[in-house]
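These notes are about the structure you will find just below.
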Amino acid sequence: MAENQEMSNKLDERFQHSAPRRDLMEKGAILQRDGSYAIAPHIPGGVITDPELLIRIANVAKKYNCPALKVTSSQRIAIVGLKEEDIDAAWQDLGIAPGAAIGLCVRSVKFCPGTTFCKRGQQDSVGLGSEIDNRYHGMTLPSKFKISVSGCPNKCMDSMVIDFGVVGMPKGFTIYVGGNGGLDPRFGQKLIESQTNQQVLALLDRTIDVYKKEARTNERLGRFIDRIGFDRFREKVLEETLVH
């Protein structure tokens with residue numbers, strides 16, 4: 001399915017996260033061990049082309065006496081140690097949207113340098129990853145959902161252990177679905193090979209559409225696939241695309 005009208009509306013009231021006791025989801029603030037909060041500005045792919053952004057982040061941390069900045073596994077820079085009363089002002093000073101670090105939604109969309117920067121890149125992971133981030137980051141889903149785009153077979157974006165992993169190969173992208181880490185890790189299964197950027201987007205549209213309609217609340221994509229069977233899932237995803 002190349003286009004899905006629902007995709008423009010990222011919030012879905014059917015899937016609501018039961019937040020930990022004091023995470024402030026509406027503020028993008030995560031409770032820390034000492035009772036302070038961390039916020040993580042959204043930096044797609046961890047790519048910063050304007051050094052002023054780094055200066056602004058550092059200035060906010062300094063202004064509000066934050067003890068640490070943490071480069072996260074989701075390619076963000078978390079500002080750690082904010083007081084609750086300073087959160088709104090810190091976001092205003094930053095002038096950046098929060099990263100979707102908590103909740104039942106599309107969390108990180110990670111992508112490597114690919115052919116834009118890396119000598120090993122075989123596909124444009126930055127271009128595709130940026131487009132995916134624009135479309136999906138923060139979209140409400142039955143459970144947390146992570147996406148990554150690796151520009152070469154080294155899979156440095158953990159594409160085998162992520163819900164929707166895309167890997168650049170000489171003849172296009174290979175897609176893996178259903179991977180996850182955590183207490184019960186699961187390797188993703190190969191969905192299809194040799195896909196163009198547009199085909200990857202169409203398959204992601206269809207994957208999310210099937211997942212939203214049929215998965216249970218808090219059921220990760222991999223567990224949903226295990227429940228209905230990979231062959232059935234693959235058929236559902238491919239049946240309305242042009243990528244057989």
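Going through the structure tokens in order, the chains are called A, B, and so on, while each chain numbers its residues from 1 and the ligands are numbered from 1 in the order shown.
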(message) At a cut-off of 9 Å, using only C-alpha atoms, what residues contact Gly127 in chain A? Leave out same-chain residues fewer than 2 positions from it and give the result as a list in words.
(response)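 So, after excluding close chain neighbours, the residues are Gly114, Thr116, Asp124, Ser125, Gly129, Ser130, Glu131, Ile132 and Asn197 of chain A.
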Store the residues picked out above, limited to C-alpha atoms, as a short mmCIF file (atom, residue, chain, number, x, y, z; two decimals), in the first residue's frame.
data_model
loop_
_atom_site.label_atom_id
_atom_site.label_comp_id
_atom_site.auth_asym_id
_atom_site.auth_seq_id
_atom_site.Cartn_x
_atom_site.Cartn_y
_atom_site.Cartn_z
CA GLY A 114 25.24 5.22 4.56
CA THR A 116 26.12 10.11 2.48
CA ASP A 124 21.26 5.90 1.02
CA SER A 125 20.28 5.15 4.61
CA GLY A 129 15.82 7.03 7.34
CA SER A 130 14.94 10.73 7.27
CA GLU A 131 11.80 10.05 5.24
CA ILE A 132 10.75 7.26 7.62
CA ASN A 197 13.30 3.28 -1.18
#
(request) Quick one: pick out all helix (DSSP H, G or I) residues within range 13-196 of chain A from a backbone DSSP run and write them as a ChimeraX atom specification. (result) /A:25-27,44-46,51-63,84-94,114-117,125-136
(message) Considering only C-alpha atoms, can you say which of A:Arg220, A:Arg186, A:Arg135, A:Lys144 comes closest to Leu201 in chain A?
(response) A:Arg135
Under the rule of at most 10 Å, produce a per-residue listing of range 87-200 of chain A near range 62-69 of chain A: chain, number, name, the closest pair of atoms, and the distance in Å, as a tab-separated table, using only C-alpha atoms.
residue	atom	partner	partner_atom	distance
A:Ile87	CA	A:Tyr64	CA	9.4
A:Ala89	CA	A:Tyr64	CA	9.5
A:Ala90	CA	A:Tyr64	CA	7.8
A:Asp93	CA	A:Lys63	CA	9.9
(request) Please provide the set of residues having any atom within 12 Å of Thr115 in chain A, restricted to only C-alpha atoms, with same-chain residues fewer than 3 positions apart removed, written as a list in words. (result)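 Once the adjacent positions are removed, what remains is Phe111, Cys112, Cys118, Lys119, Arg120, Gly121, Gln122, Gln123, Asp124, Ser125, Val126, Gly127, Leu128, Ser150, Gly151, Cys152, Gly168, Met169 and Pro170 of chain A.
For the pair CA of Val210 in chain A and CA of Ser74 in chain A, the separation is 25.2 Å.
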(message) I'd like the contact shell of range 22-27 of chain A - 12 Å cut-off, only C-alpha atoms, skipping same-chain residues fewer than 5 positions apart - returned as a ChimeraX atom specification.
(response) /A:16-17,32-33,35-41,84-92,97-105,138
Next, dump the selected residues to file, keeping only N, CA, C and O atoms, as a tab-separated table (two decimals), in the first residue's frame.
chain	number	residue	atom	x	y	z
A	16	GLN	N	-3.08	3.38	24.42
A	16	GLN	CA	-2.63	4.35	25.39
A	16	GLN	C	-1.69	3.68	26.38
A	16	GLN	O	-1.96	2.59	26.88
A	17	HIS	N	-0.61	4.34	26.66
A	17	HIS	CA	0.45	3.81	27.50
A	17	HIS	C	0.13	4.06	28.98
A	17	HIS	O	-0.27	5.15	29.36
A	32	GLN	N	14.10	10.11	36.72
A	32	GLN	CA	15.41	9.54	37.00
A	32	GLN	C	15.45	8.97	38.43
A	32	GLN	O	14.54	9.18	39.23
A	33	ARG	N	16.50	8.29	38.72
A	33	ARG	CA	16.63	7.60	40.00
A	33	ARG	C	16.56	8.55	41.20
A	33	ARG	O	16.02	8.21	42.26
A	35	GLY	N	14.90	11.37	41.35
A	35	GLY	CA	13.70	12.20	41.36
A	35	GLY	C	13.72	13.35	40.37
A	35	GLY	O	12.71	14.04	40.19
A	36	SER	N	14.85	13.58	39.73
A	36	SER	CA	14.92	14.59	38.67
A	36	SER	C	14.42	13.97	37.36
A	36	SER	O	13.98	12.82	37.32
A	37	TYR	N	14.53	14.74	36.28
A	37	TYR	CA	14.02	14.26	34.99
A	37	TYR	C	15.08	14.42	33.90
A	37	TYR	O	15.97	15.27	33.99
A	38	ALA	N	14.94	13.59	32.87
A	38	ALA	CA	15.76	13.71	31.67
A	38	ALA	C	14.85	14.00	30.49
A	38	ALA	O	13.74	13.46	30.39
A	39	ILE	N	15.31	14.86	29.61
A	39	ILE	CA	14.61	15.11	28.35
A	39	ILE	C	15.58	14.85	27.20
A	39	ILE	O	16.79	15.01	27.35
A	40	ALA	N	15.01	14.42	26.07
A	40	ALA	CA	15.85	14.05	24.93
A	40	ALA	C	15.32	14.73	23.67
A	40	ALA	O	14.36	14.26	23.07
A	41	PRO	N	15.90	15.85	23.26
A	41	PRO	CA	15.48	16.50	22.02
A	41	PRO	C	15.59	15.56	20.83
A	41	PRO	O	16.49	14.71	20.77
A	84	GLU	N	11.60	19.29	37.94
A	84	GLU	CA	10.30	19.27	37.27
A	84	GLU	C	9.83	20.68	36.89
A	84	GLU	O	9.29	20.89	35.80
A	85	GLU	N	10.08	21.65	37.74
A	85	GLU	CA	9.60	23.01	37.48
A	85	GLU	C	10.38	23.69	36.34
A	85	GLU	O	9.96	24.74	35.84
A	86	ASP	N	11.50	23.09	35.91
A	86	ASP	CA	12.31	23.70	34.84
A	86	ASP	C	12.06	23.05	33.48
A	86	ASP	O	12.61	23.52	32.47
A	87	ILE	N	11.26	22.00	33.41
A	87	ILE	CA	11.12	21.24	32.17
A	87	ILE	C	10.55	22.10	31.05
A	87	ILE	O	11.09	22.14	29.93
A	88	ASP	N	9.45	22.80	31.31
A	88	ASP	CA	8.82	23.60	30.25
A	88	ASP	C	9.76	24.67	29.73
A	88	ASP	O	9.87	24.90	28.51
A	89	ALA	N	10.44	25.34	30.64
A	89	ALA	CA	11.36	26.41	30.24
A	89	ALA	C	12.53	25.85	29.44
A	89	ALA	O	13.01	26.48	28.48
A	90	ALA	N	13.00	24.66	29.83
A	90	ALA	CA	14.12	24.05	29.09
A	90	ALA	C	13.72	23.74	27.66
A	90	ALA	O	14.48	24.00	26.72
A	91	TRP	N	12.51	23.19	27.47
A	91	TRP	CA	12.05	22.91	26.10
A	91	TRP	C	11.91	24.21	25.31
A	91	TRP	O	12.24	24.26	24.11
A	92	GLN	N	11.42	25.24	25.94
A	92	GLN	CA	11.27	26.52	25.25
A	92	GLN	C	12.64	27.07	24.83
A	92	GLN	O	12.80	27.58	23.71
A	97	ALA	N	11.62	19.73	19.09
A	97	ALA	CA	10.58	18.78	19.50
A	97	ALA	C	11.18	17.66	20.33
A	97	ALA	O	12.33	17.25	20.12
A	98	PRO	N	10.42	17.13	21.29
A	98	PRO	CA	10.91	15.99	22.08
A	98	PRO	C	11.07	14.74	21.22
A	98	PRO	O	10.32	14.54	20.25
A	99	GLY	N	12.01	13.89	21.58
A	99	GLY	CA	12.09	12.57	20.99
A	99	GLY	C	11.07	11.66	21.65
A	99	GLY	O	10.78	11.80	22.84
A	100	ALA	N	10.49	10.74	20.88
A	100	ALA	CA	9.49	9.81	21.43
A	100	ALA	C	10.23	8.68	22.14
A	100	ALA	O	10.45	7.60	21.59
A	101	ALA	N	10.61	8.95	23.39
A	101	ALA	CA	11.43	8.00	24.14
A	101	ALA	C	10.60	7.08	25.03
A	101	ALA	O	11.13	6.10	25.57
A	102	ILE	N	9.32	7.40	25.23
A	102	ILE	CA	8.45	6.59	26.07
A	102	ILE	C	7.09	6.48	25.40
A	102	ILE	O	6.75	7.23	24.49
A	103	GLY	N	6.31	5.49	25.84
A	103	GLY	CA	4.95	5.34	25.35
A	103	GLY	C	4.81	4.27	24.28
A	103	GLY	O	5.79	3.73	23.77
A	104	LEU	N	3.56	3.97	23.95
A	104	LEU	CA	3.25	2.97	22.92
A	104	LEU	C	3.21	3.67	21.57
A	104	LEU	O	2.18	4.13	21.10
A	105	CYS	N	4.36	3.74	20.95
A	105	CYS	CA	4.48	4.52	19.72
A	105	CYS	C	5.75	4.13	18.98
A	105	CYS	O	6.55	3.33	19.46
A	138	GLY	N	6.88	8.91	16.57
A	138	GLY	CA	5.86	9.31	17.52
A	138	GLY	C	4.47	8.77	17.25
A	138	GLY	O	3.56	8.98	18.05
(request) Give the strand (DSSP E) residues of range 86-226 of chain A, as DSSP finds them on the backbone, and put them as JSON, numbers by chain. (result) {"A": [106, 107, 108, 109, 110, 111, 145, 146, 147, 148, 149, 150, 164, 165, 166, 167, 168, 169, 172, 173, 174, 175, 176, 177, 189, 190, 191, 192, 193, 194, 195]}
So which residues touch range 224-231 of chain A within 12 Å, counting only C-alpha atoms, skipping near sequence neighbours fewer than 5 positions away, as a PDB file with N, CA and C atoms, in the first residue's frame?
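Once everything was written out, this is part.pdb:
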ATOM      1  N   PRO A 142       0.140  -0.276  18.936  1.00  0.00           N
ATOM      2  CA  PRO A 142      -0.205  -1.165  20.045  1.00  0.00           C
ATOM      3  C   PRO A 142       0.906  -1.311  21.084  1.00  0.00           C
ATOM      4  N   SER A 143       2.153  -1.215  20.684  1.00  0.00           N
ATOM      5  CA  SER A 143       3.271  -1.284  21.612  1.00  0.00           C
ATOM      6  C   SER A 143       4.394  -0.409  21.070  1.00  0.00           C
ATOM      7  N   ASP A 163      12.146  -3.894  15.488  1.00  0.00           N
ATOM      8  CA  ASP A 163      10.845  -4.263  14.937  1.00  0.00           C
ATOM      9  C   ASP A 163      10.829  -4.255  13.412  1.00  0.00           C
ATOM     10  N   TYR A 176      13.945  -6.844   7.503  1.00  0.00           N
ATOM     11  CA  TYR A 176      13.719  -7.818   8.566  1.00  0.00           C
ATOM     12  C   TYR A 176      12.619  -7.283   9.483  1.00  0.00           C
ATOM     13  N   VAL A 177      11.765  -8.170   9.971  1.00  0.00           N
ATOM     14  CA  VAL A 177      10.658  -7.741  10.817  1.00  0.00           C
ATOM     15  C   VAL A 177      10.606  -8.576  12.094  1.00  0.00           C
ATOM     16  N   GLY A 178      10.161  -7.938  13.165  1.00  0.00           N
ATOM     17  CA  GLY A 178       9.860  -8.661  14.392  1.00  0.00           C
ATOM     18  C   GLY A 178      10.992  -8.831  15.374  1.00  0.00           C
ATOM     19  N   GLY A 179      12.119  -8.194  15.156  1.00  0.00           N
ATOM     20  CA  GLY A 179      13.212  -8.318  16.112  1.00  0.00           C
ATOM     21  C   GLY A 179      12.998  -7.420  17.320  1.00  0.00           C
ATOM     22  N   ARG A 186      14.630 -11.347  20.482  1.00  0.00           N
ATOM     23  CA  ARG A 186      14.142 -12.084  19.318  1.00  0.00           C
ATOM     24  C   ARG A 186      14.824 -11.542  18.071  1.00  0.00           C
ATOM     25  N   PHE A 187      15.351 -12.426  17.242  1.00  0.00           N
ATOM     26  CA  PHE A 187      15.889 -12.013  15.954  1.00  0.00           C
ATOM     27  C   PHE A 187      14.748 -11.738  14.986  1.00  0.00           C
ATOM     28  N   GLY A 188      14.923 -10.713  14.148  1.00  0.00           N
ATOM     29  CA  GLY A 188      13.954 -10.447  13.101  1.00  0.00           C
ATOM     30  C   GLY A 188      14.039 -11.499  12.007  1.00  0.00           C
ATOM     31  N   GLN A 189      12.945 -11.639  11.263  1.00  0.00           N
ATOM     32  CA  GLN A 189      12.876 -12.585  10.156  1.00  0.00           C
ATOM     33  C   GLN A 189      12.891 -11.824   8.842  1.00  0.00           C
ATOM     34  N   LYS A 190      13.546 -12.404   7.854  1.00  0.00           N
ATOM     35  CA  LYS A 190      13.671 -11.723   6.570  1.00  0.00           C
ATOM     36  C   LYS A 190      12.318 -11.696   5.863  1.00  0.00           C
ATOM     37  N   LEU A 191      11.873 -10.500   5.543  1.00  0.00           N
ATOM     38  CA  LEU A 191      10.594 -10.333   4.859  1.00  0.00           C
ATOM     39  C   LEU A 191      10.767 -10.359   3.348  1.00  0.00           C
ATOM     40  N   THR A 207       2.952  -2.873   6.876  1.00  0.00           N
ATOM     41  CA  THR A 207       3.277  -3.523   8.147  1.00  0.00           C
ATOM     42  C   THR A 207       2.586  -2.819   9.299  1.00  0.00           C
ATOM     43  N   ILE A 208       2.685  -1.499   9.336  1.00  0.00           N
ATOM     44  CA  ILE A 208       2.071  -0.733  10.415  1.00  0.00           C
ATOM     45  C   ILE A 208       0.547  -0.824  10.352  1.00  0.00           C
ATOM     46  N   VAL A 210      -1.321  -3.365   9.206  1.00  0.00           N
ATOM     47  CA  VAL A 210      -1.711  -4.682   9.715  1.00  0.00           C
ATOM     48  C   VAL A 210      -1.522  -4.738  11.233  1.00  0.00           C
ATOM     49  N   TYR A 211      -0.418  -4.231  11.706  1.00  0.00           N
ATOM     50  CA  TYR A 211      -0.104  -4.260  13.134  1.00  0.00           C
ATOM     51  C   TYR A 211      -1.126  -3.459  13.937  1.00  0.00           C
ATOM     52  N   LYS A 212      -1.474  -2.259  13.462  1.00  0.00           N
ATOM     53  CA  LYS A 212      -2.436  -1.430  14.179  1.00  0.00           C
ATOM     54  C   LYS A 212      -3.808  -2.095  14.258  1.00  0.00           C
ATOM     55  N   LYS A 213      -4.190  -2.757  13.188  1.00  0.00           N
ATOM     56  CA  LYS A 213      -5.529  -3.337  13.130  1.00  0.00           C
ATOM     57  C   LYS A 213      -5.660  -4.630  13.927  1.00  0.00           C
ATOM     58  N   GLU A 214      -4.580  -5.420  14.041  1.00  0.00           N
ATOM     59  CA  GLU A 214      -4.733  -6.782  14.535  1.00  0.00           C
ATOM     60  C   GLU A 214      -3.946  -7.113  15.800  1.00  0.00           C
ATOM     61  N   ALA A 215      -2.975  -6.299  16.164  1.00  0.00           N
ATOM     62  CA  ALA A 215      -2.172  -6.623  17.352  1.00  0.00           C
ATOM     63  C   ALA A 215      -2.903  -6.235  18.625  1.00  0.00           C
ATOM     64  N   ARG A 216      -2.522  -6.874  19.698  1.00  0.00           N
ATOM     65  CA  ARG A 216      -3.069  -6.565  21.013  1.00  0.00           C
ATOM     66  C   ARG A 216      -2.243  -5.470  21.672  1.00  0.00           C
ATOM     67  N   THR A 217      -2.866  -4.736  22.582  1.00  0.00           N
ATOM     68  CA  THR A 217      -2.138  -3.699  23.302  1.00  0.00           C
ATOM     69  C   THR A 217      -0.961  -4.313  24.064  1.00  0.00           C
ATOM     70  N   ASN A 218       0.194  -3.679  23.945  1.00  0.00           N
ATOM     71  CA  ASN A 218       1.461  -4.113  24.554  1.00  0.00           C
ATOM     72  C   ASN A 218       2.054  -5.353  23.888  1.00  0.00           C
ATOM     73  N   GLU A 219       1.569  -5.730  22.725  1.00  0.00           N
ATOM     74  CA  GLU A 219       2.117  -6.873  21.994  1.00  0.00           C
ATOM     75  C   GLU A 219       3.111  -6.367  20.950  1.00  0.00           C
ATOM     76  N   LYS A 236      -0.095 -11.086   4.459  1.00  0.00           N
ATOM     77  CA  LYS A 236      -0.879  -9.891   4.724  1.00  0.00           C
ATOM     78  C   LYS A 236      -0.130  -8.623   4.308  1.00  0.00           C
ATOM     79  N   VAL A 237       1.171  -8.598   4.581  1.00  0.00           N
ATOM     80  CA  VAL A 237       1.943  -7.406   4.276  1.00  0.00           C
ATOM     81  C   VAL A 237       2.158  -7.251   2.768  1.00  0.00           C
ATOM     82  N   LEU A 238       2.380  -8.357   2.091  1.00  0.00           N
ATOM     83  CA  LEU A 238       2.709  -8.276   0.674  1.00  0.00           C
ATOM     84  C   LEU A 238       1.483  -8.257  -0.239  1.00  0.00           C
ATOM     85  N   GLU A 239       0.326  -8.631   0.255  1.00  0.00           N
ATOM     86  CA  GLU A 239      -0.809  -8.837  -0.638  1.00  0.00           C
ATOM     87  C   GLU A 239      -1.283  -7.576  -1.331  1.00  0.00           C
TER      88      GLU A 239
END
(request) Have a look at A:Thr49, A:Thr196, A:Thr140, A:Ser73 and name the one nearest to Thr174 in chain A; count only C-alpha atoms. (result)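 Closest to Thr174 in chain A of all the choices is A:Thr196.
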